[in-house]
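Participant: Quick one: the structure is below, and I'll ask about it shortly.
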There are 2 protein chains.
Amino acid sequence: MAQTTLLNDTFLRALLRQPTAYTPVWLMRQAGRYLPEYRASRARAGSFMDLATNPDFATEVTLQPLDRYPLDAAILFSDILTIPDAMGLGLEFVAGEGPRFQRPVRTEEDVARLAVPDIDATLRYVTDAVSQIRRALTDAQGRQRVPLIGFSGSPWTLACYMVEGAGSSDFHTVKTMLYARPDLMERILEINAQAVVAYLNAQIEAGAQAVMIFDSWGGALAEGAYQRFSLAYIERIVAQLKREHNGARVPVITFTKGGGQWLEEIAATGVDAVGLDWTTDLGRARERIGQRVALQGNLDPAILFAPPAAIRAEARTLLDRFGNHPGHVFNLGHGISQFTPPEHVAELIAEVHQHSRLIRQGTV
Amino acid sequence: MAQTTLLNDTFLRALLRQPTAYTPVWLMRQAGRYLPEYRASRARAGSFMDLATNPDFATEVTLQPLDRYPLDAAILFSDILTIPDAMGLGLEFVAGEGPRFQRPVRTEEDVARLAVPDIDATLRYVTDAVSQIRRALTDAQGRQRVPLIGFSGSPWTLACYMVEGAGSSDFHTVKTMLYARPDLMERILEINAQAVVAYLNAQIEAGAQAVMIFDSWGGALAEGAYQRFSLAYIERIVAQLKREHNGARVPVITFTKGGGQWLEEIAATGVDAVGLDWTTDLGRARERIGQRVALQGNLDPAILFAPPAAIRAEARTLLDRFGNHPGHVFNLGHGISQFTPPEHVAELIAEVHQHSRLIRQGTV
């Protein structure tokens, strides 16, 4: 991927705690079912994985929210379960039930069989999509609209799905392994961590300009277990990521849903930015963390069901709580709901941009 | 209920931050499906609600874990959804799906119809169960084995079920009402709060010696919304509870699952004790809160799936983190799982009692 000129680098600057004219915004799962154009693409493609594994489709849906809204970043359209699928566990999506693995990792033999997948051989469709999205974001003069984010699930979050075989409300199976056979769990996490490093570095080489580690289920772990079975592996990954590519710094974001109490420890892993869910007060979080890392978040996605005036008021409250400081990327505290009215997203983004400009100018 | 002599008042003393010879322990949902004797009672009674609404059965199952383990408290066997059921919403338990309401509260008209139920007319089965359990805990000489805890859901947690009509993973419906029509939500919460006050005070008069408010879904709320839509109503309830009955102080515990970040604010509501889930470090929590309130918790229930040695080690770690201070009631950070081996519970309780005695004696 040759050098390009970014027309809008607000997102990358905010991640690096550099001054920006306004607060950049993107939304987790911004290419998704709430958009009618996404549903149309999905209907043409077939299944969710048909969409994710075809670089043409992945590029098409990645760009859909950017064509509709003045978002400050694009994020690769993919799924966090591509890695365990590449490990041969047999990912399938059952309608109304979410993802499942045909061959979950349960026994000592299952764990012994597990190996780091060859990214180029098994996940080429992802790196191809990254390259193709970068090209689609860039015009003939080499001017790129917004930066592209690559991502992966965290070792622990991948392990949850690999061991449970599906989503879970109490993580009975994976926690049983964690407490009863920590040696097996650590072997899975070690393999996952190596795979995540290779996967994210391949995305960076293919053109991802920032990467994010989604630790969606870290908040299910107990104090102590979180540090040992999730955060330690994130830290190991962060230390092995390419932090510069083609002369540009590649910021790293990590997001542990339910991890607000561990903010200081997460910030100490070497990441550039920490994602927060909506239970954490953004003003107190900034006080706790100072300028050590940027913060990303943290609107409750449910606010997008409210009328526009309420959405705008909540966005202002959150921006005011963070205050006039560098290092904030506005986002939801979780993926956007499929039931979100698309026009409400436009209201949110407009308010974030407008109000944060006023904050920067000192006029509010 | 006449005065009785408590043979074991360790639990009540710990809630009031008084010295105790060891750390008292009880387990949320300790009378439950993990016990074969519970499953036998349930099979005889019929449905879950047949069990809960019959004081004979409720007494029988409340005492089952006490006959098996040296627990330091009994808790009324009931359900948090008795109040909305008494409001006429039509509670039913669908096999494999959990509780549902036949008539959820969705519209302005639904909210207008809502009224505080007459506790004596509609929830007499609960207060009768409380009296009967108190008698069953007490011998002919008036000596009571352990204190009895009464409980209720918090106004917000009740509202979640009332508006959603069932459990939910994203609280789409109730949060839409909260953000789009906060006036309707506040009306529901106001009625719920009045009902909870009347309900808990009736339980106290019937013989409950401590009461607990379960805010199971408070942690789903955003910073700001939690304070306004959950905590404010808990505070109002706490101010109106009978804190003394028959010459004995009646301590109040509140537990917001996922509320670790709000510990100081929860402690400031006037409660005697705050429940914590397993994501909060007990040592840091004690530092944050000092002696203002007692703390209850906070073992991950999943630890009970591990072998006994691991269970005992985790119990010791948690007791050590709290340290040699008054004001700790050992508990899980959530209800015990139905898949828990009953013999593992015995190991846990033995270790809590043994190790906390050693801590008190300064020998560890």
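How things are named: the first chain in the structure tokens is A, the next is B, and so on; residues count from 1 in each chain; ligands count from 1 in the order shown.
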Got a sec to pull out which chain A residues are within 8 Å of chain B, counting only C-alpha atoms, and send them as a JSON list (two decimals) with N, CA and C atoms, in the first residue's frame?
Facilitator:
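New file iface31.json:
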```json
[["chain", "number", "residue", "atom", "x", "y", "z"],
["A", 172, "HIS", "N", -20.34, -20.66, 31.76],
["A", 172, "HIS", "CA", -20.18, -21.83, 32.62],
["A", 172, "HIS", "C", -19.02, -22.72, 32.15],
["A", 175, "LYS", "N", -15.42, -20.83, 32.04],
["A", 175, "LYS", "CA", -14.92, -20.52, 33.38],
["A", 175, "LYS", "C", -14.58, -21.79, 34.15],
["A", 176, "THR", "N", -15.33, -22.84, 33.88],
["A", 176, "THR", "CA", -14.98, -24.11, 34.52],
["A", 176, "THR", "C", -13.57, -24.52, 34.11],
["A", 177, "MET", "N", -13.28, -24.40, 32.81],
["A", 177, "MET", "CA", -11.92, -24.73, 32.36],
["A", 177, "MET", "C", -10.90, -23.79, 33.01],
["A", 179, "TYR", "N", -10.94, -22.18, 35.86],
["A", 179, "TYR", "CA", -10.67, -22.42, 37.28],
["A", 179, "TYR", "C", -10.19, -23.84, 37.55],
["A", 180, "ALA", "N", -10.69, -24.79, 36.74],
["A", 180, "ALA", "CA", -10.33, -26.18, 37.02],
["A", 180, "ALA", "C", -9.04, -26.58, 36.30],
["A", 219, "GLY", "N", -15.12, -8.25, 30.85],
["A", 219, "GLY", "CA", -15.89, -7.81, 32.02],
["A", 219, "GLY", "C", -16.63, -8.94, 32.72],
["A", 220, "ALA", "N", -16.62, -10.13, 32.13],
["A", 220, "ALA", "CA", -17.24, -11.28, 32.81],
["A", 220, "ALA", "C", -16.28, -11.92, 33.80],
["A", 221, "LEU", "N", -15.02, -11.53, 33.72],
["A", 221, "LEU", "CA", -14.01, -12.14, 34.59],
["A", 221, "LEU", "C", -13.93, -11.43, 35.94],
["A", 222, "ALA", "N", -13.53, -12.18, 36.93],
["A", 222, "ALA", "CA", -13.34, -11.62, 38.27],
["A", 222, "ALA", "C", -12.04, -10.83, 38.33],
["A", 223, "GLU", "N", -12.03, -9.84, 39.23],
["A", 223, "GLU", "CA", -10.79, -9.17, 39.60],
["A", 223, "GLU", "C", -9.73, -10.25, 39.86],
["A", 258, "GLY", "N", -17.25, -3.47, 30.25],
["A", 258, "GLY", "CA", -17.35, -3.74, 31.68],
["A", 258, "GLY", "C", -16.03, -3.58, 32.40],
["A", 260, "GLY", "N", -14.39, -0.70, 33.24],
["A", 260, "GLY", "CA", -14.13, 0.65, 33.74],
["A", 260, "GLY", "C", -13.29, 0.69, 35.01],
["A", 261, "GLN", "N", -13.46, -0.33, 35.86],
["A", 261, "GLN", "CA", -12.71, -0.33, 37.11],
["A", 261, "GLN", "C", -11.22, -0.61, 36.91],
["A", 278, "TRP", "N", -20.63, 2.72, 28.60],
["A", 278, "TRP", "CA", -21.38, 3.87, 29.10],
["A", 278, "TRP", "C", -21.54, 3.92, 30.62],
["A", 279, "THR", "N", -21.04, 2.90, 31.32],
["A", 279, "THR", "CA", -21.17, 2.95, 32.78],
["A", 279, "THR", "C", -20.08, 3.81, 33.42],
["A", 280, "THR", "N", -19.06, 4.14, 32.63],
["A", 280, "THR", "CA", -17.95, 4.93, 33.18],
["A", 280, "THR", "C", -18.15, 6.41, 32.89],
["A", 281, "ASP", "N", -17.96, 7.24, 33.90],
["A", 281, "ASP", "CA", -18.06, 8.68, 33.70],
["A", 281, "ASP", "C", -16.80, 9.16, 32.97],
["A", 299, "LEU", "N", -21.16, 6.58, 24.59],
["A", 299, "LEU", "CA", -22.62, 6.78, 24.64],
["A", 299, "LEU", "C", -23.36, 5.44, 24.69],
["A", 300, "ASP", "N", -24.37, 5.35, 25.53],
["A", 300, "ASP", "CA", -25.25, 4.18, 25.55],
["A", 300, "ASP", "C", -25.96, 4.09, 24.19],
["A", 302, "ALA", "N", -28.52, 2.77, 23.37],
["A", 302, "ALA", "CA", -29.98, 2.88, 23.52],
["A", 302, "ALA", "C", -30.45, 4.32, 23.40],
["A", 303, "ILE", "N", -29.56, 5.28, 23.61],
["A", 303, "ILE", "CA", -29.96, 6.69, 23.48],
["A", 303, "ILE", "C", -30.41, 6.97, 22.05],
["A", 305, "PHE", "N", -32.43, 5.45, 20.38],
["A", 305, "PHE", "CA", -33.87, 5.20, 20.21],
["A", 305, "PHE", "C", -34.70, 6.43, 20.59],
["A", 306, "ALA", "N", -34.08, 7.39, 21.27],
["A", 306, "ALA", "CA", -34.80, 8.57, 21.76],
["A", 306, "ALA", "C", -34.99, 9.59, 20.64],
["A", 307, "PRO", "N", -35.84, 10.60, 20.86],
["A", 307, "PRO", "CA", -36.01, 11.65, 19.84],
["A", 307, "PRO", "C", -34.70, 12.44, 19.68],
["A", 310, "ALA", "N", -33.20, 14.68, 22.45],
["A", 310, "ALA", "CA", -32.61, 13.96, 23.58],
["A", 310, "ALA", "C", -31.24, 13.39, 23.21]]
```
Participant: Give me, as a list in words, all polymer residues having an atom no more than 10 Å from Thr269 in chain B, counting only C-alpha atoms and skipping those fewer than 2 positions away in the same chain.
Facilitator: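 Near Thr269 in chain B, the qualifying residues are Leu231, Ala232, Tyr233, Ile234, Glu235, Arg236, Ile237, Val238, Ala239, Thr254, Glu264, Glu265, Ile266, Ala267, Val271 and Asp272 of chain B.
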Participant: Could you pull the residues within 7 Å of Thr23 in chain A, counting only C-alpha atoms, minus those fewer than 5 positions along the same chain, as a ChimeraX atom specification?
Facilitator: /A:328-330,352-353,356
Participant: Go ahead and save the picked residues with N, CA and C atoms, as a PDB file, in the first residue's frame.
Facilitator:
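Result written to result_18.pdb:
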```
ATOM      1  N   HIS A 328      -9.847  12.540  22.762  1.00  0.00           N
ATOM      2  CA  HIS A 328     -11.147  11.878  22.845  1.00  0.00           C
ATOM      3  C   HIS A 328     -11.644  11.511  21.456  1.00  0.00           C
ATOM      4  N   VAL A 329     -12.015  10.256  21.291  1.00  0.00           N
ATOM      5  CA  VAL A 329     -12.708   9.791  20.090  1.00  0.00           C
ATOM      6  C   VAL A 329     -14.117   9.427  20.533  1.00  0.00           C
ATOM      7  N   PHE A 330     -15.094  10.103  19.960  1.00  0.00           N
ATOM      8  CA  PHE A 330     -16.476   9.820  20.334  1.00  0.00           C
ATOM      9  C   PHE A 330     -16.923   8.499  19.703  1.00  0.00           C
ATOM     10  N   VAL A 352     -22.094  15.934  17.640  1.00  0.00           N
ATOM     11  CA  VAL A 352     -20.717  15.725  18.127  1.00  0.00           C
ATOM     12  C   VAL A 352     -19.775  16.706  17.441  1.00  0.00           C
ATOM     13  N   HIS A 353     -19.906  16.823  16.139  1.00  0.00           N
ATOM     14  CA  HIS A 353     -19.012  17.727  15.406  1.00  0.00           C
ATOM     15  C   HIS A 353     -19.247  19.183  15.796  1.00  0.00           C
ATOM     16  N   SER A 356     -18.467  19.923  19.728  1.00  0.00           N
ATOM     17  CA  SER A 356     -17.046  19.832  20.090  1.00  0.00           C
ATOM     18  C   SER A 356     -16.254  20.995  19.483  1.00  0.00           C
TER      19      SER A 356
END
```
Participant: Report the distance between CA of Leu15 in chain B and CA of Gln354 in chain B in Å, rounded to one decimal place.
Facilitator: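 Taking CA of Leu15 in chain B as the start and CA of Gln354 in chain B as the end point, the length is 19.7 Å.
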Participant: Interatomic distance between CA of Leu189 in chain B and CA of Pro155 in chain B?
Facilitator: 5.3 Å
Participant: Do a neighbour search on range 65-68 of chain A at 10 Å with only C-alpha atoms, toss out local chain neighbours closer than 2 positions, and write the hits as a PyMOL selection string.
Facilitator: chain A and resi 26-27+29-32+35+37-38+60-63+70-74+137+145-146+342-343+345-346
Participant: Could you pull out the helix (DSSP H, G or I) residues of range 159-251 of chain B from DSSP and send them as a VMD selection string?
Facilitator: chain B and resid 159 to 164 172 to 180 182 to 206 218 to 220 225 to 240
Participant: With C-alpha atoms retained, write the just-selected residues as an mmCIF file, in the first residue's frame.
Facilitator:
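Okay, this is what ended up in out_39.cif:
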```cif
data_model
loop_
_atom_site.group_PDB
_atom_site.id
_atom_site.type_symbol
_atom_site.label_atom_id
_atom_site.label_comp_id
_atom_site.auth_asym_id
_atom_site.auth_seq_id
_atom_site.Cartn_x
_atom_site.Cartn_y
_atom_site.Cartn_z
ATOM 1 C CA ALA B 159 -39.307 -1.732 35.719
ATOM 2 C CA CYS B 160 -36.975 -3.618 33.354
ATOM 3 C CA TYR B 161 -39.140 -6.724 33.612
ATOM 4 C CA MET B 162 -42.414 -4.779 33.662
ATOM 5 C CA VAL B 163 -41.636 -2.871 30.458
ATOM 6 C CA GLU B 164 -39.674 -5.540 28.577
ATOM 7 C CA HIS B 172 -34.172 -2.073 24.070
ATOM 8 C CA THR B 173 -37.782 -1.454 25.110
ATOM 9 C CA VAL B 174 -37.256 -0.150 28.628
ATOM 10 C CA LYS B 175 -34.349 2.092 27.625
ATOM 11 C CA THR B 176 -36.342 3.479 24.741
ATOM 12 C CA MET B 177 -39.017 4.508 27.236
ATOM 13 C CA LEU B 178 -36.382 5.881 29.609
ATOM 14 C CA TYR B 179 -34.764 8.112 26.992
ATOM 15 C CA ALA B 180 -37.843 8.947 24.926
ATOM 16 C CA PRO B 182 -38.529 9.853 31.017
ATOM 17 C CA ASP B 183 -41.818 11.132 32.512
ATOM 18 C CA LEU B 184 -43.443 7.704 32.047
ATOM 19 C CA MET B 185 -40.381 5.928 33.405
ATOM 20 C CA GLU B 186 -40.316 8.151 36.471
ATOM 21 C CA ARG B 187 -43.977 7.448 37.138
ATOM 22 C CA ILE B 188 -43.332 3.688 37.024
ATOM 23 C CA LEU B 189 -40.289 4.055 39.281
ATOM 24 C CA GLU B 190 -42.203 6.199 41.764
ATOM 25 C CA ILE B 191 -44.959 3.590 42.048
ATOM 26 C CA ASN B 192 -42.403 0.795 42.290
ATOM 27 C CA ALA B 193 -40.531 2.633 45.035
ATOM 28 C CA GLN B 194 -43.703 3.080 47.097
ATOM 29 C CA ALA B 195 -44.532 -0.591 46.610
ATOM 30 C CA VAL B 196 -41.033 -1.697 47.645
ATOM 31 C CA VAL B 197 -41.222 0.408 50.833
ATOM 32 C CA ALA B 198 -44.566 -1.117 51.795
ATOM 33 C CA TYR B 199 -43.401 -4.613 50.837
ATOM 34 C CA LEU B 200 -40.117 -4.538 52.748
ATOM 35 C CA ASN B 201 -41.688 -2.917 55.795
ATOM 36 C CA ALA B 202 -44.338 -5.657 55.788
ATOM 37 C CA GLN B 203 -41.570 -8.265 55.651
ATOM 38 C CA ILE B 204 -39.800 -6.553 58.555
ATOM 39 C CA GLU B 205 -42.995 -6.568 60.604
ATOM 40 C CA ALA B 206 -43.489 -10.230 59.771
ATOM 41 C CA GLY B 218 -28.653 -1.198 37.505
ATOM 42 C CA GLY B 219 -25.365 -1.977 35.800
ATOM 43 C CA ALA B 220 -27.075 -1.818 32.399
ATOM 44 C CA ALA B 225 -28.974 7.517 34.073
ATOM 45 C CA TYR B 226 -28.044 5.083 36.854
ATOM 46 C CA GLN B 227 -28.054 7.841 39.448
ATOM 47 C CA ARG B 228 -31.319 9.321 38.207
ATOM 48 C CA PHE B 229 -33.338 6.210 37.369
ATOM 49 C CA SER B 230 -32.062 3.654 39.854
ATOM 50 C CA LEU B 231 -30.039 5.011 42.738
ATOM 51 C CA ALA B 232 -32.322 7.964 43.529
ATOM 52 C CA TYR B 233 -35.228 5.571 44.080
ATOM 53 C CA ILE B 234 -33.173 3.203 46.207
ATOM 54 C CA GLU B 235 -32.181 6.164 48.357
ATOM 55 C CA ARG B 236 -35.824 7.154 48.733
ATOM 56 C CA ILE B 237 -36.735 3.609 49.786
ATOM 57 C CA VAL B 238 -33.921 3.345 52.312
ATOM 58 C CA ALA B 239 -35.104 6.579 53.974
ATOM 59 C CA GLN B 240 -38.581 5.112 54.497
#
```
Participant: May I ask for the distance between CA of Leu91 in chain A and CA of Ala112 in chain A, given in Å to one decimal place?
Facilitator: 19.5 Å
Participant: Between A:Gly150, A:Pro117, A:Gly275, A:Gly323, which is the closest to Glu287 in chain A once you count only C-alpha atoms?
Facilitator: A:Gly323
